[in-house]
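start_7.cif follows; it contains mmCIF, C-alpha atoms.
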data_structure
loop_
_atom_site.label_atom_id
_atom_site.label_comp_id
_atom_site.auth_asym_id
_atom_site.auth_seq_id
_atom_site.Cartn_x
_atom_site.Cartn_y
_atom_site.Cartn_z
CA MET A 5 -23.99 12.03 -53.21
CA VAL A 6 -21.47 9.42 -54.40
CA LEU A 7 -22.36 5.79 -53.78
CA ARG A 8 -19.90 3.01 -53.02
CA LEU A 9 -19.88 -0.10 -55.16
CA ASP A 10 -21.23 -1.90 -52.10
CA ASP A 11 -24.28 0.39 -52.22
CA LEU A 12 -25.25 -0.58 -55.76
CA PRO A 13 -27.25 -3.75 -55.02
CA ALA A 14 -29.66 -1.73 -52.91
CA ALA A 15 -29.77 1.09 -55.48
CA LEU A 16 -30.56 -1.40 -58.26
CA GLY A 17 -33.59 -2.91 -56.54
CA PRO A 18 -37.06 -3.43 -58.09
CA GLY A 19 -37.94 0.26 -57.85
CA ALA A 20 -34.71 1.56 -59.39
CA LEU A 21 -36.26 2.68 -62.68
CA GLU A 22 -38.63 4.97 -60.81
CA GLU A 23 -36.11 6.14 -58.24
CA TRP A 24 -33.17 6.97 -60.53
CA SER A 25 -34.99 9.01 -63.14
CA VAL A 26 -35.21 12.60 -64.30
CA LEU A 27 -38.91 12.37 -63.45
CA ALA A 28 -37.93 11.80 -59.82
CA GLY A 29 -35.36 14.61 -59.90
CA ARG A 30 -32.43 12.19 -59.68
CA GLU A 31 -30.60 12.87 -62.90
CA VAL A 32 -27.14 11.59 -61.96
CA LEU A 33 -26.03 8.41 -60.21
CA ALA A 34 -22.35 8.66 -59.23
CA VAL A 35 -20.34 5.71 -57.92
CA ASP A 36 -16.88 5.52 -56.34
CA LEU A 37 -15.42 2.55 -58.21
CA ASP A 38 -12.51 2.24 -55.78
CA ALA A 39 -14.81 1.60 -52.81
CA GLY A 40 -16.23 -1.87 -52.43
CA ARG A 41 -16.70 -4.90 -54.61
CA TRP A 42 -18.36 -5.13 -58.03
CA GLU A 43 -21.09 -7.73 -58.50
CA ALA A 44 -20.88 -9.32 -61.95
CA GLY A 45 -24.08 -8.87 -63.92
CA ALA A 46 -25.07 -5.56 -62.34
CA ALA A 47 -24.02 -3.57 -65.41
CA THR A 48 -27.19 -4.43 -67.34
CA ALA A 49 -29.46 -3.16 -64.59
CA LEU A 50 -27.28 -0.09 -64.11
CA ALA A 51 -27.21 0.74 -67.82
CA SER A 52 -31.00 0.69 -68.08
CA LEU A 53 -31.57 3.38 -65.46
CA PRO A 54 -33.01 6.56 -67.06
CA CYS A 55 -30.33 8.84 -65.62
CA VAL A 56 -26.67 9.68 -66.22
CA LYS A 57 -24.32 7.17 -64.59
CA VAL A 58 -20.88 8.47 -63.62
CA GLY A 59 -18.02 6.28 -62.40
CA LEU A 60 -15.08 7.75 -60.47
CA ALA A 61 -11.81 5.93 -59.82
CA ALA A 62 -8.23 6.68 -58.87
CA GLU A 63 -7.24 3.20 -60.07
CA PRO A 64 -9.02 2.84 -63.44
CA ASP A 65 -7.78 -0.65 -64.32
CA LEU A 66 -11.24 -2.16 -63.85
CA PRO A 67 -13.30 -4.93 -65.51
CA GLY A 68 -14.97 -4.05 -68.79
CA ASP A 69 -18.35 -5.36 -67.63
CA LEU A 70 -18.24 -2.86 -64.76
CA LEU A 71 -17.43 0.09 -67.03
CA ALA A 72 -20.19 -0.86 -69.47
CA GLY A 73 -22.79 0.20 -66.95
CA PHE A 74 -21.59 3.81 -66.85
CA ASP A 75 -21.97 6.76 -69.21
CA VAL A 76 -19.02 8.90 -68.03
CA LEU A 77 -15.76 7.74 -66.42
CA LEU A 78 -13.62 10.20 -64.44
CA THR A 79 -10.16 9.59 -63.00
CA THR A 80 -7.06 11.41 -61.84
CA ALA A 81 -4.83 8.92 -63.67
CA THR A 82 -3.32 10.58 -66.73
CA ASP A 83 -2.46 7.24 -68.34
CA ALA A 84 -5.93 5.71 -68.07
CA GLY A 85 -7.21 3.64 -70.97
CA ALA A 86 -9.98 4.19 -73.49
CA GLY A 87 -13.15 5.78 -72.19
CA TRP A 88 -11.62 7.45 -69.15
CA VAL A 89 -11.31 11.22 -68.85
CA ALA A 90 -8.47 12.48 -66.69
CA VAL A 91 -9.46 15.42 -64.50
CA GLU A 92 -7.69 17.28 -61.72
CA ASP A 93 -10.40 16.62 -59.15
CA PRO A 94 -13.13 14.09 -59.98
CA LEU A 95 -15.49 15.46 -57.34
CA VAL A 96 -15.22 18.98 -58.73
CA ALA A 97 -15.71 17.64 -62.26
CA LEU A 98 -18.70 15.64 -61.06
CA GLU A 99 -20.26 18.73 -59.52
CA GLY A 100 -19.94 20.56 -62.83
CA LEU A 101 -21.55 17.67 -64.67
CA GLU A 102 -24.39 17.49 -62.18
CA GLN A 103 -25.16 21.18 -62.61
CA ARG A 104 -25.23 20.99 -66.41
CA VAL A 105 -27.28 17.79 -66.42
CA ALA A 106 -29.78 19.25 -63.95
CA ALA A 107 -30.23 22.27 -66.22
CA GLN A 108 -31.04 20.08 -69.24
CA SER A 109 -31.90 16.73 -67.68
CA ARG A 110 -34.19 15.37 -70.39
CA ALA A 111 -31.75 16.10 -73.18
CA ALA A 112 -28.91 14.66 -71.09
CA VAL A 113 -30.69 11.36 -70.53
CA ALA A 114 -31.74 11.22 -74.19
CA LEU A 115 -28.06 11.65 -75.10
CA VAL A 116 -26.61 8.88 -72.95
CA SER A 117 -29.40 6.50 -73.96
CA LEU A 118 -28.76 7.25 -77.63
CA LEU A 119 -25.00 6.79 -77.34
CA ARG A 120 -25.54 3.21 -76.21
CA VAL A 121 -27.23 2.62 -79.57
CA THR A 122 -24.91 4.55 -81.86
CA GLU A 123 -21.89 2.85 -80.32
CA LEU A 124 -23.09 -0.50 -81.65
CA VAL A 125 -24.90 0.03 -84.93
CA PRO A 126 -23.68 0.88 -88.47
CA VAL A 127 -23.45 4.51 -89.55
CA TRP A 128 -26.82 4.84 -91.28
CA GLU A 129 -28.76 3.21 -88.45
CA GLY A 130 -26.95 5.48 -85.99
CA ILE A 131 -27.84 8.56 -88.02
CA VAL A 132 -31.49 7.50 -88.07
CA ALA A 133 -31.51 7.06 -84.30
CA GLU A 134 -29.76 10.41 -83.74
CA SER A 135 -32.06 12.26 -86.12
CA SER A 136 -35.17 10.90 -84.41
CA THR A 137 -33.89 11.88 -80.98
CA TYR A 138 -32.70 15.31 -82.10
CA SER A 139 -35.97 16.06 -83.87
CA MET A 140 -37.93 15.04 -80.79
CA LEU A 141 -35.91 17.49 -78.69
CA LEU A 142 -36.64 20.28 -81.19
CA GLY A 143 -40.21 20.05 -79.89
CA SER A 144 -39.21 20.25 -76.23
CA GLN A 145 -39.95 23.08 -73.83
CA ALA A 146 -36.24 23.39 -73.10
CA PHE A 147 -35.41 24.08 -76.73
CA TYR A 148 -38.30 26.53 -77.09
CA ALA A 149 -37.01 28.39 -74.03
CA TRP A 150 -33.50 28.59 -75.51
CA ARG A 151 -34.86 29.77 -78.89
CA GLU A 152 -36.99 32.46 -77.27
CA ALA A 153 -34.06 33.69 -75.18
CA THR A 154 -31.59 33.70 -78.10
CA PRO A 155 -32.17 36.48 -80.63
CA ARG A 156 -31.40 35.65 -84.22
CA LYS A 157 -28.46 37.67 -85.52
CA GLY A 158 -30.12 38.26 -88.85
CA HIS A 159 -27.02 37.87 -90.98
CA PRO A 160 -27.54 37.07 -94.67
CA ALA A 161 -28.24 33.45 -95.53
CA GLY A 162 -25.46 31.62 -97.30
CA ASP A 163 -25.33 31.85 -101.08
CA PRO A 164 -25.97 28.33 -102.45
CA ALA A 165 -23.60 29.08 -105.33
CA THR A 166 -20.62 29.98 -103.15
CA ALA A 167 -21.20 28.55 -99.64
CA VAL A 168 -19.12 25.49 -100.58
CA LEU A 169 -16.38 25.76 -103.17
CA VAL A 170 -15.37 22.73 -105.20
CA SER A 171 -12.26 22.40 -107.35
CA ARG A 172 -10.33 19.54 -108.87
CA GLU A 173 -6.66 18.91 -109.57
CA GLY A 174 -6.16 15.56 -111.27
CA SER A 175 -7.56 12.87 -109.01
CA THR A 176 -7.94 15.23 -106.02
CA MET A 177 -11.10 17.18 -105.31
CA ARG A 178 -11.00 20.06 -102.84
CA VAL A 179 -14.14 20.99 -100.94
CA GLU A 180 -14.01 24.25 -98.96
CA LEU A 181 -16.55 25.77 -96.60
CA ASN A 182 -16.86 29.38 -97.70
CA ARG A 183 -18.81 31.48 -95.20
CA PRO A 184 -15.81 32.99 -93.36
CA ASP A 185 -17.79 36.12 -92.39
CA VAL A 186 -19.94 33.92 -90.10
CA ARG A 187 -17.15 31.53 -89.07
CA ASN A 188 -18.32 28.97 -91.65
CA ALA A 189 -21.58 28.39 -89.79
CA VAL A 190 -23.35 25.39 -91.26
CA ASP A 191 -26.71 26.44 -92.70
CA SER A 192 -28.85 24.90 -95.43
CA SER A 193 -26.60 26.31 -98.14
CA VAL A 194 -23.51 24.67 -96.63
CA ARG A 195 -25.42 21.46 -95.98
CA ASP A 196 -26.61 21.22 -99.57
CA GLY A 197 -23.22 22.23 -100.96
CA LEU A 198 -21.48 19.47 -99.01
CA VAL A 199 -24.04 16.84 -99.97
CA ASP A 200 -23.76 17.79 -103.64
CA ALA A 201 -19.95 17.93 -103.65
CA LEU A 202 -19.52 14.60 -101.92
CA GLY A 203 -22.14 13.14 -104.22
CA LEU A 204 -19.77 13.92 -107.07
CA ALA A 205 -17.05 11.87 -105.38
CA LEU A 206 -19.48 9.02 -104.78
CA ALA A 207 -20.43 8.96 -108.47
CA ASP A 208 -16.90 9.36 -109.86
CA ALA A 209 -14.34 6.74 -108.87
CA SER A 210 -11.60 8.73 -110.61
CA ILE A 211 -11.75 11.14 -107.68
CA GLU A 212 -9.30 9.30 -105.47
CA HIS A 213 -8.74 11.94 -102.78
CA VAL A 214 -11.14 14.48 -101.28
CA VAL A 215 -9.72 17.29 -99.11
CA LEU A 216 -12.32 18.96 -96.89
CA SER A 217 -11.34 22.33 -95.39
CA GLY A 218 -12.71 25.75 -94.46
CA ARG A 219 -11.77 29.26 -95.51
CA GLY A 220 -11.09 31.98 -92.97
CA PRO A 221 -9.94 31.84 -89.34
CA VAL A 222 -11.90 28.72 -88.37
CA PHE A 223 -12.98 25.50 -90.01
CA SER A 224 -16.52 25.85 -88.64
CA ALA A 225 -17.98 27.23 -85.44
CA GLY A 226 -20.94 24.87 -85.86
CA GLY A 227 -24.52 25.14 -86.97
CA ASP A 228 -25.96 28.51 -87.95
CA LEU A 229 -27.98 29.39 -84.86
CA ASP A 230 -30.33 31.57 -86.91
CA GLU A 231 -31.67 28.42 -88.56
CA PHE A 232 -32.14 26.39 -85.39
CA GLY A 233 -35.84 25.61 -85.05
CA SER A 234 -36.74 27.39 -88.27
CA VAL A 235 -38.42 24.35 -89.83
CA GLY A 236 -41.05 24.33 -87.10
CA ASP A 237 -42.31 20.78 -87.61
CA PRO A 238 -39.96 18.27 -85.89
CA ALA A 239 -41.15 15.47 -88.18
CA LEU A 240 -40.24 17.54 -91.22
CA ALA A 241 -36.87 18.36 -89.66
CA ASN A 242 -36.27 14.63 -89.28
CA ALA A 243 -37.18 14.00 -92.92
CA VAL A 244 -34.78 16.72 -94.08
CA ARG A 245 -31.95 15.24 -92.02
CA LEU A 246 -32.50 11.78 -93.43
CA THR A 247 -32.56 13.12 -96.99
CA ARG A 248 -29.73 15.69 -97.02
CA HIS A 249 -27.22 14.74 -94.35
CA PRO A 250 -23.69 16.09 -94.90
CA GLY A 251 -22.16 13.75 -92.32
CA TYR A 252 -23.63 10.73 -94.05
CA ALA A 253 -22.41 12.12 -97.38
CA VAL A 254 -18.86 12.16 -95.95
CA SER A 255 -19.25 8.65 -94.56
CA ARG A 256 -20.21 7.21 -97.95
CA VAL A 257 -16.80 8.18 -99.36
CA ALA A 258 -14.96 8.28 -96.04
CA GLY A 259 -12.01 6.19 -97.22
CA ARG A 260 -11.10 8.92 -99.72
CA VAL A 261 -11.70 11.94 -97.46
CA GLU A 262 -9.10 13.88 -95.52
CA ALA A 263 -10.51 16.67 -93.36
CA ARG A 264 -8.11 19.48 -92.52
CA VAL A 265 -9.48 21.51 -89.62
CA HIS A 266 -8.31 24.62 -87.80
CA GLY A 267 -9.47 27.28 -85.39
CA ALA A 268 -12.81 26.53 -83.73
CA CYS A 269 -14.47 23.21 -84.52
CA MET A 270 -17.71 23.36 -82.58
CA GLY A 271 -20.76 21.13 -82.95
CA SER A 272 -21.20 20.23 -86.60
CA GLY A 273 -17.73 21.70 -87.15
CA ILE A 274 -16.31 18.45 -85.74
CA GLU A 275 -19.27 16.11 -86.17
CA ILE A 276 -19.11 16.26 -89.97
CA PRO A 277 -15.32 15.93 -90.49
CA ALA A 278 -15.14 13.16 -87.88
CA PHE A 279 -16.76 10.86 -90.45
CA ALA A 280 -13.65 11.18 -92.64
CA HIS A 281 -11.04 8.45 -92.73
CA ARG A 282 -8.38 10.97 -91.73
CA VAL A 283 -8.68 14.21 -89.75
CA VAL A 284 -5.68 16.53 -89.53
CA ALA A 285 -5.84 19.47 -87.10
CA ASP A 286 -3.85 22.67 -86.87
CA HIS A 287 -1.99 22.84 -83.56
CA ALA A 288 -4.26 25.68 -82.32
CA THR A 289 -7.56 23.94 -83.08
CA VAL A 290 -10.20 23.74 -80.35
CA PHE A 291 -13.07 21.26 -80.29
CA GLY A 292 -16.40 21.14 -78.46
CA LEU A 293 -19.97 19.87 -78.56
CA PRO A 294 -22.12 22.65 -77.04
CA GLU A 295 -25.62 21.49 -77.99
CA LEU A 296 -26.79 20.47 -74.50
CA GLY A 297 -27.01 24.12 -73.48
CA MET A 298 -29.76 24.54 -76.10
CA GLY A 299 -31.74 21.58 -74.81
CA LEU A 300 -30.44 19.48 -77.71
CA ILE A 301 -27.89 16.80 -78.53
CA PRO A 302 -25.38 16.75 -81.39
CA GLY A 303 -27.49 16.66 -84.55
CA ALA A 304 -25.04 16.61 -87.47
CA GLY A 305 -24.06 12.99 -86.91
CA GLY A 306 -21.78 13.52 -83.92
CA THR A 307 -23.29 10.81 -81.75
CA VAL A 308 -22.19 8.47 -84.55
CA SER A 309 -18.96 9.96 -85.92
CA VAL A 310 -17.43 11.18 -82.69
CA THR A 311 -18.54 8.08 -80.79
CA LYS A 312 -16.95 5.75 -83.34
CA ARG A 313 -13.70 7.68 -82.94
CA ILE A 314 -13.46 8.22 -79.18
CA GLY A 315 -16.13 5.94 -77.68
CA ARG A 316 -19.41 6.79 -76.02
CA HIS A 317 -17.98 7.55 -72.56
CA ARG A 318 -15.76 10.38 -73.79
CA THR A 319 -18.43 11.59 -76.20
CA ALA A 320 -20.90 11.79 -73.33
CA TRP A 321 -18.36 13.72 -71.26
CA LEU A 322 -17.72 16.22 -74.08
CA VAL A 323 -21.42 16.94 -74.47
CA LEU A 324 -22.46 16.85 -70.82
CA SER A 325 -19.52 18.87 -69.52
CA GLY A 326 -19.52 21.43 -72.33
CA ALA A 327 -15.73 21.16 -72.27
CA ARG A 328 -13.52 22.46 -75.04
CA ILE A 329 -10.44 20.40 -75.77
CA ASP A 330 -7.28 21.40 -77.59
CA ALA A 331 -5.59 19.59 -80.45
CA PRO A 332 -3.17 17.53 -78.31
CA ARG A 333 -6.02 16.18 -76.19
CA ALA A 334 -8.10 15.54 -79.29
CA LEU A 335 -5.16 13.54 -80.67
CA ALA A 336 -4.84 11.58 -77.42
CA PHE A 337 -8.57 10.81 -77.58
CA HIS A 338 -8.18 9.79 -81.28
CA LEU A 339 -10.70 12.45 -82.29
CA VAL A 340 -8.09 13.58 -84.82
CA ASP A 341 -5.41 11.51 -86.49
CA ALA A 342 -2.59 14.05 -86.72
CA ILE A 343 -1.57 17.60 -85.83
CA ASP A 344 0.02 19.66 -88.56
#
In structure tokens, how does this file's structure come out?
Amino acid sequence: MVLRLDDLPAALGPGALEEWSVLAGREVLAVDLDAGRWEAGAATALASLPCVKVGLAAEPDLPGDLLAGFDVLLTTATDAGAGWVAVEDPLVALEGLEQRVAAQSRAAVALVSLLRVTELVPVWEGIVAESSTYSMLLGSQAFYAWREATPRKGHPAGDPATAVLVSREGSTMRVELNRPDVRNAVDSSVRDGLVDALGLALADASIEHVVLSGRGPVFSAGGDLDEFGSVGDPALANAVRLTRHPGYAVSRVAGRVEARVHGACMGSGIEIPAFAHRVVADHATVFGLPELGMGLIPGAGGTVSVTKRIGRHRTAWLVLSGARIDAPRALAFHLVDAID
């Protein structure tokens, strides 16, 4: 069901928090923004509803206070401004979103609630909020169900000595992901290698330029699924993230970092480089944030890094839709800075 703007006052009544909630089985509230009149001040009440709010409009030139109430904005207009996602048919796109949100409703609502925080706070505070939310979801029934249904591949763990290669030429340090046999999947060896390498740049001001890249056919296909849930204790997982966070390590020297990405950049494969001051993509690069299908949210800093690049509305759409976008669209979104 898609509400009209005129229907919102009734929908935002005293019982709205109970009515529009995953606990009531109403995970998505969709509104036709072309139909009716917007009441100033309603955005605050709309934003606080514990569900995913989707706005649809053919004419997306709308007041900012209206758009602030929504989590995803869909339009047919190809020249729409920041936050909007152009789709062929908003109703078809909405149906796809509704199906994915219904399948992982608790993680979906955790995501859109978190994005409202990470949009506003500094990097470290955003990472703390993301890590807490992600770790909580590691203890969820949805994640346990995904883990039980997903056999571990059993490939060898990364070698801490070679998972990340570091070299220096004058004032430039090159940092390369080096697990090409597993599509540069980010495991603990890659995590620690990145943190250590970028720690060198933080400690040495003579390193003026850091180039982050990946060996093999892809930059990184994301986190190593064999390690997902391996810690067991969500509180310990949170502590590890806050201590050895490769995305935060990039952010601390971001002004000196150029990430050069290619092939598949999934999950942490875009979340980590998105912290860099400059991201350059090969023309055939593909990006996506697939974590919702596991009952999770981005956990390598993506709710911070990607959000600060493309805004929370488009970040929410990427995660909730499971869409994969090509390099030109990533450039249009400002997820990358150039295509080479």
Matched chain/residue IDs from the PyMOL selection byres ((chain A and resi 172) around 12), as an NGL selection string: :A and (169-171 or 173-180 or 201 or 204-205 or 210-215)
Spatial sel., origin (-40.7, 18.0, -88.7), limit 12 Å, only C-alpha atoms, listed as a VMD selection string: chain A and resid 135 to 143 233 to 246
Residues within 10 Å of (-9.5, 10.7, -55.8), file coords, only C-alpha atoms, listed as number ranges by chain: A: 36, 38, 60-63, 78-81, 91-95
Restricted to C-alpha atoms, what would the selected residues look like written as a PDB file, in the frame of the given file?
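Written output follows (again.pdb):
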ATOM      1  CA  ASP A  36     -16.880   5.520 -56.340  1.00  0.00           C
ATOM      2  CA  ASP A  38     -12.510   2.240 -55.780  1.00  0.00           C
ATOM      3  CA  LEU A  60     -15.080   7.750 -60.470  1.00  0.00           C
ATOM      4  CA  ALA A  61     -11.810   5.930 -59.820  1.00  0.00           C
ATOM      5  CA  ALA A  62      -8.230   6.680 -58.870  1.00  0.00           C
ATOM      6  CA  GLU A  63      -7.240   3.200 -60.070  1.00  0.00           C
ATOM      7  CA  LEU A  78     -13.620  10.200 -64.440  1.00  0.00           C
ATOM      8  CA  THR A  79     -10.160   9.590 -63.000  1.00  0.00           C
ATOM      9  CA  THR A  80      -7.060  11.410 -61.840  1.00  0.00           C
ATOM     10  CA  ALA A  81      -4.830   8.920 -63.670  1.00  0.00           C
ATOM     11  CA  VAL A  91      -9.460  15.420 -64.500  1.00  0.00           C
ATOM     12  CA  GLU A  92      -7.690  17.280 -61.720  1.00  0.00           C
ATOM     13  CA  ASP A  93     -10.400  16.620 -59.150  1.00  0.00           C
ATOM     14  CA  PRO A  94     -13.130  14.090 -59.980  1.00  0.00           C
ATOM     15  CA  LEU A  95     -15.490  15.460 -57.340  1.00  0.00           C
TER      16      LEU A  95
END
Contacts of segment 82-90 of chain A within 7 Å, only C-alpha atoms, excl. fewer than 6 positions in-chain, as a PyMOL selection string: chain A and resi 64+315+317-318
Atom CA of Leu293 of chain A to atom CA of Met270 of chain A, distance in Å rounded to a single decimal: 5.8 Å
Taking a cut-off of 9 Å and counting only C-alpha atoms, can you build a table that, for each residue of segment 101-201 of chain A near segment 296-301 of chain A, reports the nearest atom pair and how far apart they are in Å (one decimal), sorted by chain then residue number, as CSV?
residue,atom,partner,partner_atom,distance
A:Arg104,CA,A:Gly297,CA,7.9
A:Val105,CA,A:Leu296,CA,8.5
A:Ala107,CA,A:Gly297,CA,8.2
A:Gln108,CA,A:Gly299,CA,5.8
A:Ser109,CA,A:Gly299,CA,8.6
A:Arg110,CA,A:Gly299,CA,8.0
A:Ala111,CA,A:Gly299,CA,5.7
A:Ala112,CA,A:Leu296,CA,7.1
A:Ala114,CA,A:Ile301,CA,8.0
A:Leu115,CA,A:Ile301,CA,6.2
A:Glu134,CA,A:Ile301,CA,8.5
A:Thr137,CA,A:Ile301,CA,8.1
A:Tyr138,CA,A:Ile301,CA,6.2
A:Ser139,CA,A:Leu300,CA,9.0
A:Leu141,CA,A:Leu300,CA,5.9
A:Leu142,CA,A:Leu300,CA,7.2
A:Ser144,CA,A:Gly299,CA,7.7
A:Gln145,CA,A:Gly299,CA,8.4
A:Ala146,CA,A:Gly299,CA,5.1
A:Phe147,CA,A:Gly299,CA,4.8
A:Tyr148,CA,A:Gly299,CA,8.5
A:Ala149,CA,A:Met298,CA,8.5
A:Trp150,CA,A:Met298,CA,5.5
A:Arg151,CA,A:Met298,CA,7.8
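Straight-line separation from atom CA of Trp128 of chain A to atom CA of Lys57 of chain A: 26.9 Å.
When the PyMOL selection byres ((chain A and resi 230) around 8) is run on the displayed coordinates, the residues it returns are Arg156, Lys157, Gly158, Asp228, Leu229, Glu231, Phe232 and Ser234 of chain A.
For Ala278 of chain A, the list of residues within 9 Å, based on all atoms listed in the file and with local chain neighbours fewer than 2 positions off taken out, reads Gly251, Val254, Ala263, Gly273, Ile274, Glu275, Ile276, Ala280, His281, Arg282, Val283, Gly305, Gly306, Ser309, Val310, Lys312, Arg313, Leu339 and Val340 of chain A.
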Generate the output file for the selected residues, C-alpha atoms, as a PDB file, in the frame of the given file.
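That gives us out-v2.pdb:
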ATOM      1  CA  GLY A 251     -22.160  13.750 -92.320  1.00  0.00           C
ATOM      2  CA  VAL A 254     -18.860  12.160 -95.950  1.00  0.00           C
ATOM      3  CA  ALA A 263     -10.510  16.670 -93.360  1.00  0.00           C
ATOM      4  CA  GLY A 273     -17.730  21.700 -87.150  1.00  0.00           C
ATOM      5  CA  ILE A 274     -16.310  18.450 -85.740  1.00  0.00           C
ATOM      6  CA  GLU A 275     -19.270  16.110 -86.170  1.00  0.00           C
ATOM      7  CA  ILE A 276     -19.110  16.260 -89.970  1.00  0.00           C
ATOM      8  CA  ALA A 280     -13.650  11.180 -92.640  1.00  0.00           C
ATOM      9  CA  HIS A 281     -11.040   8.450 -92.730  1.00  0.00           C
ATOM     10  CA  ARG A 282      -8.380  10.970 -91.730  1.00  0.00           C
ATOM     11  CA  VAL A 283      -8.680  14.210 -89.750  1.00  0.00           C
ATOM     12  CA  GLY A 305     -24.060  12.990 -86.910  1.00  0.00           C
ATOM     13  CA  GLY A 306     -21.780  13.520 -83.920  1.00  0.00           C
ATOM     14  CA  SER A 309     -18.960   9.960 -85.920  1.00  0.00           C
ATOM     15  CA  VAL A 310     -17.430  11.180 -82.690  1.00  0.00           C
ATOM     16  CA  LYS A 312     -16.950   5.750 -83.340  1.00  0.00           C
ATOM     17  CA  ARG A 313     -13.700   7.680 -82.940  1.00  0.00           C
ATOM     18  CA  LEU A 339     -10.700  12.450 -82.290  1.00  0.00           C
ATOM     19  CA  VAL A 340      -8.090  13.580 -84.820  1.00  0.00           C
TER      20      VAL A 340
END
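Nearest-residue note for Leu202 of chain A: choosing from A:Gly267, A:Pro250, A:Pro160, A:Pro155, the minimum distance belongs to A:Pro250, counting all atoms listed in the file.
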